[in-house]
Every structure is written in structure tokens, then in C-alpha cells.
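Asker: Sharing model_35.cif below, mmCIF, C-alpha atoms:
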data_start
#
loop_
_atom_site.group_PDB
_atom_site.id
_atom_site.type_symbol
_atom_site.label_atom_id
_atom_site.label_comp_id
_atom_site.auth_asym_id
_atom_site.auth_seq_id
_atom_site.Cartn_x
_atom_site.Cartn_y
_atom_site.Cartn_z
ATOM 1 C CA MET A 1 10.724 -0.551 -13.340
ATOM 2 C CA ASP A 2 11.610 3.066 -13.410
ATOM 3 C CA HIS A 3 13.254 5.510 -15.781
ATOM 4 C CA ASN A 4 15.984 6.222 -13.239
ATOM 5 C CA PHE A 5 18.985 4.447 -14.745
ATOM 6 C CA GLU A 6 21.896 6.745 -13.946
ATOM 7 C CA LEU A 7 23.157 4.694 -11.024
ATOM 8 C CA SER A 8 26.707 3.961 -12.078
ATOM 9 C CA ASN A 9 29.609 5.125 -9.911
ATOM 10 C CA TYR A 10 32.813 3.772 -8.428
ATOM 11 C CA GLU A 11 31.572 3.327 -4.891
ATOM 12 C CA ARG A 12 29.163 0.461 -4.231
ATOM 13 C CA HIS A 13 28.806 -0.025 -0.489
ATOM 14 C CA GLN A 14 26.846 3.080 0.557
ATOM 15 C CA THR A 15 25.350 4.486 -2.604
ATOM 16 C CA HIS A 16 23.620 1.355 -3.864
ATOM 17 C CA ILE A 17 21.918 0.300 -0.658
ATOM 18 C CA PHE A 18 18.253 1.251 -0.843
ATOM 19 C CA ASP A 19 15.701 0.982 1.908
ATOM 20 C CA LEU A 20 12.012 0.340 1.412
ATOM 21 C CA GLN A 21 11.101 4.026 1.195
ATOM 22 C CA ASP A 22 13.605 4.522 -1.629
ATOM 23 C CA LEU A 23 12.148 1.632 -3.610
ATOM 24 C CA LEU A 24 8.457 2.387 -3.207
ATOM 25 C CA VAL A 25 6.606 4.401 -5.825
ATOM 26 C CA SER A 26 3.038 5.636 -5.677
ATOM 27 C CA SER A 27 0.107 4.198 -7.575
ATOM 28 C CA GLU A 28 -0.167 7.465 -9.474
ATOM 29 C CA PHE A 29 3.367 6.951 -10.793
ATOM 30 C CA TYR A 30 2.404 3.489 -12.072
ATOM 31 C CA ALA A 31 -0.743 4.925 -13.658
ATOM 32 C CA LYS A 32 1.349 7.502 -15.529
ATOM 33 C CA THR A 33 4.066 5.120 -16.698
ATOM 34 C CA HIS A 34 1.772 2.192 -17.616
ATOM 35 C CA PRO A 35 -1.626 3.692 -18.521
ATOM 36 C CA GLU A 36 -2.896 0.703 -20.531
ATOM 37 C CA ALA A 37 -2.042 -1.801 -17.824
ATOM 38 C CA TRP A 38 -3.488 0.490 -15.153
ATOM 39 C CA ALA A 39 -6.792 0.726 -17.012
ATOM 40 C CA SER A 40 -7.124 -3.017 -17.680
ATOM 41 C CA ALA A 41 -10.069 -4.892 -16.210
ATOM 42 C CA ASP A 42 -7.795 -7.228 -14.241
ATOM 43 C CA GLU A 43 -6.015 -4.323 -12.554
ATOM 44 C CA GLN A 44 -9.264 -2.594 -11.714
ATOM 45 C CA ALA A 45 -10.693 -5.794 -10.235
ATOM 46 C CA GLU A 46 -7.548 -6.292 -8.154
ATOM 47 C CA ARG A 47 -7.649 -2.695 -6.892
ATOM 48 C CA ASN A 48 -11.312 -3.120 -5.964
ATOM 49 C CA LYS A 49 -10.513 -6.298 -4.020
ATOM 50 C CA VAL A 50 -7.690 -4.599 -2.153
ATOM 51 C CA THR A 51 -9.870 -1.587 -1.354
ATOM 52 C CA LYS A 52 -12.657 -3.838 -0.111
ATOM 53 C CA LYS A 53 -10.264 -5.760 2.160
ATOM 54 C CA LYS A 54 -8.835 -2.498 3.531
ATOM 55 C CA ASP A 55 -12.346 -1.244 4.277
ATOM 56 C CA GLN A 56 -13.248 -4.505 6.026
ATOM 57 C CA ARG A 57 -10.107 -4.352 8.177
ATOM 58 C CA LEU A 58 -10.808 -0.710 9.017
ATOM 59 C CA GLN A 59 -14.389 -1.494 10.009
ATOM 60 C CA LYS A 60 -13.211 -4.424 12.130
ATOM 61 C CA ALA A 61 -10.606 -2.242 13.845
ATOM 62 C CA LEU A 62 -13.146 0.502 14.485
ATOM 63 C CA ALA A 63 -15.615 -2.004 15.914
ATOM 64 C CA ALA A 64 -12.924 -3.466 18.169
ATOM 65 C CA SER A 65 -11.854 -0.038 19.416
ATOM 66 C CA LYS A 66 -15.358 1.016 20.454
ATOM 67 C CA PRO A 67 -16.025 0.327 24.123
ATOM 68 C CA ALA A 68 -18.377 -2.558 24.664
ATOM 69 C CA ALA A 69 -21.905 -1.541 25.570
ATOM 70 C CA LYS A 70 -22.556 -2.010 29.263
ATOM 71 C CA PRO A 71 -25.330 -4.479 29.989
ATOM 72 C CA ALA A 72 -28.395 -2.985 31.592
ATOM 73 C CA VAL A 73 -28.353 -3.431 35.359
ATOM 74 C CA GLN A 74 -31.448 -5.214 36.530
ATOM 75 C CA PRO A 75 -32.608 -4.785 40.113
ATOM 76 C CA ALA A 76 -32.017 -7.802 42.312
ATOM 77 C CA LYS A 77 -35.145 -9.776 43.143
ATOM 78 C CA ALA A 78 -35.727 -10.355 46.800
#
Kindly present the structure from the file in C-alpha cells form.
Answerer:
Amino acid sequence: MDHNFELSNYERHQTHIFDLQDLLVSSEFYAKTHPEAWASADEQAERNKVTKKKDQRLQKALAASKPAAKPAVQPAKA
């Protein structure tokens, strides 16, 4: 929910169609508008879980993007 409520007008087909970028707000905005909820233990635990999952995915992506180590070439035995 936002404090932006002045949306009334006579035209409804172009003005009231919002894309994802128009609807998204930052975490800082939520922290300012709902400080008690933002500081709750449940919210902090959820943010920590999300951060941990993001870090794991980043590490997995970085590991996958590194070139595989070439195996050492052993001389052929005659």
C-alpha cells in the first residue's frame, strides 16, 4: 500500500494500466512507511533467508562460470 491515492480521472484505458516497474517499490520505502513491521524478528529472519539464498545462487553461478581445471597430462607409458 502506498500514500499515492490521487488516481481518479475520466479516462481509464491508458492511465490506469501499470507495468511491473510502476508497481515496485524499494525495501527502503517499506522500511520508512512500516518501521515497526520492518524491524520485527520475523521480517529480519525472512530477509536473512532471502539474502542467504541469493548468496548461494551467486556462488553457484560463479562456480559454474569458472572454466573447469584441465586435468594434468600424464606421459604415455610405452
Asker: Could you work out how far atom CA of Thr33 of chain A lies from atom CA of His16 of chain A, giving the answer in Å with one decimal?
Answerer: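 Going from atom CA of His16 of chain A over to atom CA of Thr33 of chain A, I get 23.7 Å.
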Asker: The PyMOL selection byres ((chain A and resi 26-29) around 12) - which residues does that actually catch in the file I just gave you? List them as an NGL selection string.
Answerer: :A and (1-3 or 21-25 or 30-35 or 38 or 43 or 47)
Asker: Atoms to include: C-alpha atoms. Write the selected residues as a short mmCIF file (atom, residue, chain, number, x, y, z; two decimals), in the coordinates of the input.
Answerer:
data_model
loop_
_atom_site.label_atom_id
_atom_site.label_comp_id
_atom_site.auth_asym_id
_atom_site.auth_seq_id
_atom_site.Cartn_x
_atom_site.Cartn_y
_atom_site.Cartn_z
CA MET A 1 10.72 -0.55 -13.34
CA ASP A 2 11.61 3.07 -13.41
CA HIS A 3 13.25 5.51 -15.78
CA GLN A 21 11.10 4.03 1.20
CA ASP A 22 13.60 4.52 -1.63
CA LEU A 23 12.15 1.63 -3.61
CA LEU A 24 8.46 2.39 -3.21
CA VAL A 25 6.61 4.40 -5.82
CA TYR A 30 2.40 3.49 -12.07
CA ALA A 31 -0.74 4.92 -13.66
CA LYS A 32 1.35 7.50 -15.53
CA THR A 33 4.07 5.12 -16.70
CA HIS A 34 1.77 2.19 -17.62
CA PRO A 35 -1.63 3.69 -18.52
CA TRP A 38 -3.49 0.49 -15.15
CA GLU A 43 -6.02 -4.32 -12.55
CA ARG A 47 -7.65 -2.70 -6.89
#
Asker: To one decimal in Å, tell me the separation between atom CA of Arg57 of chain A and atom CA of Ser40 of chain A.
Answerer: 26.1 Å
Asker: Kindly complete segment 8-19 of chain A to all heavy atoms; the output should be written as a CSV table (one decimal), keeping the file's coordinate frame.
Answerer:
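Wrote it out as result-v9.csv, contents follow:
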chain,number,residue,atom,x,y,z
A,8,SER,N,25.3,4.4,-12.1
A,8,SER,CA,26.7,4.0,-12.1
A,8,SER,C,27.6,4.9,-11.4
A,8,SER,O,27.5,6.1,-11.5
A,8,SER,CB,27.2,3.8,-13.5
A,8,SER,OG,27.2,5.0,-14.2
A,9,ASN,N,28.6,4.4,-10.6
A,9,ASN,CA,29.6,5.1,-9.9
A,9,ASN,C,30.7,4.1,-9.4
A,9,ASN,O,30.5,2.9,-9.6
A,9,ASN,CB,29.1,6.0,-8.8
A,9,ASN,CG,28.5,5.2,-7.6
A,9,ASN,OD1,28.7,4.0,-7.5
A,9,ASN,ND2,27.8,5.9,-6.8
A,10,TYR,N,31.7,4.6,-8.8
A,10,TYR,CA,32.8,3.8,-8.4
A,10,TYR,C,32.6,3.2,-7.0
A,10,TYR,O,33.3,2.3,-6.7
A,10,TYR,CB,34.1,4.5,-8.5
A,10,TYR,CG,34.5,4.9,-9.9
A,10,TYR,CD1,34.3,6.1,-10.4
A,10,TYR,CD2,35.0,3.9,-10.8
A,10,TYR,CE1,34.6,6.4,-11.8
A,10,TYR,CE2,35.3,4.2,-12.1
A,10,TYR,CZ,35.1,5.4,-12.6
A,10,TYR,OH,35.4,5.7,-13.9
A,11,GLU,N,31.8,3.8,-6.3
A,11,GLU,CA,31.6,3.3,-4.9
A,11,GLU,C,30.3,2.5,-4.9
A,11,GLU,O,29.3,2.8,-5.4
A,11,GLU,CB,31.4,4.6,-4.0
A,11,GLU,CG,31.4,4.3,-2.5
A,11,GLU,CD,30.0,3.9,-2.0
A,11,GLU,OE1,29.1,4.5,-2.5
A,11,GLU,OE2,30.0,3.0,-1.2
A,12,ARG,N,30.3,1.3,-4.2
A,12,ARG,CA,29.2,0.5,-4.2
A,12,ARG,C,28.6,0.1,-2.9
A,12,ARG,O,27.6,-0.6,-2.8
A,12,ARG,CB,29.5,-0.8,-5.0
A,12,ARG,CG,30.6,-1.6,-4.4
A,12,ARG,CD,30.8,-2.9,-5.2
A,12,ARG,NE,31.9,-3.6,-4.6
A,12,ARG,CZ,32.2,-4.8,-4.8
A,12,ARG,NH1,31.4,-5.5,-5.5
A,12,ARG,NH2,33.2,-5.4,-4.2
A,13,HIS,N,29.3,0.4,-1.8
A,13,HIS,CA,28.8,0.0,-0.5
A,13,HIS,C,27.8,0.9,0.2
A,13,HIS,O,26.9,0.4,0.9
A,13,HIS,CB,30.0,-0.2,0.4
A,13,HIS,CG,30.9,-1.3,0.0
A,13,HIS,ND1,30.6,-2.6,0.0
A,13,HIS,CD2,32.1,-1.2,-0.6
A,13,HIS,CE1,31.6,-3.4,-0.5
A,13,HIS,NE2,32.5,-2.5,-0.9
A,14,GLN,N,27.8,2.2,-0.1
A,14,GLN,CA,26.8,3.1,0.6
A,14,GLN,C,25.8,3.6,-0.4
A,14,GLN,O,24.6,3.7,-0.1
A,14,GLN,CB,27.6,4.3,1.2
A,14,GLN,CG,28.5,3.9,2.3
A,14,GLN,CD,27.7,3.4,3.5
A,14,GLN,OE1,26.6,3.9,3.8
A,14,GLN,NE2,28.3,2.4,4.2
A,15,THR,N,26.2,3.9,-1.6
A,15,THR,CA,25.4,4.5,-2.6
A,15,THR,C,24.3,3.5,-3.1
A,15,THR,O,23.2,4.0,-3.4
A,15,THR,CB,26.2,5.0,-3.8
A,15,THR,OG1,27.2,5.8,-3.3
A,15,THR,CG2,25.3,5.8,-4.7
A,16,HIS,N,24.6,2.3,-3.2
A,16,HIS,CA,23.6,1.4,-3.9
A,16,HIS,C,22.9,0.5,-2.9
A,16,HIS,O,22.4,-0.6,-3.2
A,16,HIS,CB,24.4,0.5,-4.9
A,16,HIS,CG,24.9,1.2,-6.0
A,16,HIS,ND1,24.1,1.8,-6.9
A,16,HIS,CD2,26.2,1.5,-6.3
A,16,HIS,CE1,24.9,2.5,-7.8
A,16,HIS,NE2,26.1,2.3,-7.5
A,17,ILE,N,22.7,1.0,-1.7
A,17,ILE,CA,21.9,0.3,-0.7
A,17,ILE,C,20.7,1.1,-0.5
A,17,ILE,O,20.7,2.3,0.0
A,17,ILE,CB,22.7,0.1,0.7
A,17,ILE,CG1,23.9,-0.7,0.4
A,17,ILE,CG2,21.8,-0.5,1.7
A,17,ILE,CD1,24.8,-0.8,1.6
A,18,PHE,N,19.5,0.5,-0.9
A,18,PHE,CA,18.3,1.3,-0.8
A,18,PHE,C,17.4,0.6,0.2
A,18,PHE,O,17.3,-0.6,0.4
A,18,PHE,CB,17.5,1.2,-2.2
A,18,PHE,CG,18.3,1.8,-3.3
A,18,PHE,CD1,19.0,1.0,-4.2
A,18,PHE,CD2,18.4,3.1,-3.5
A,18,PHE,CE1,19.7,1.5,-5.3
A,18,PHE,CE2,19.1,3.7,-4.5
A,18,PHE,CZ,19.8,2.9,-5.4
A,19,ASP,N,16.7,1.5,1.0
A,19,ASP,CA,15.7,1.0,1.9
A,19,ASP,C,14.3,1.0,1.2
A,19,ASP,O,14.2,1.4,0.1
A,19,ASP,CB,15.7,1.8,3.2
A,19,ASP,CG,15.3,3.2,3.0
A,19,ASP,OD1,15.1,3.7,1.8
A,19,ASP,OD2,15.3,4.0,4.0
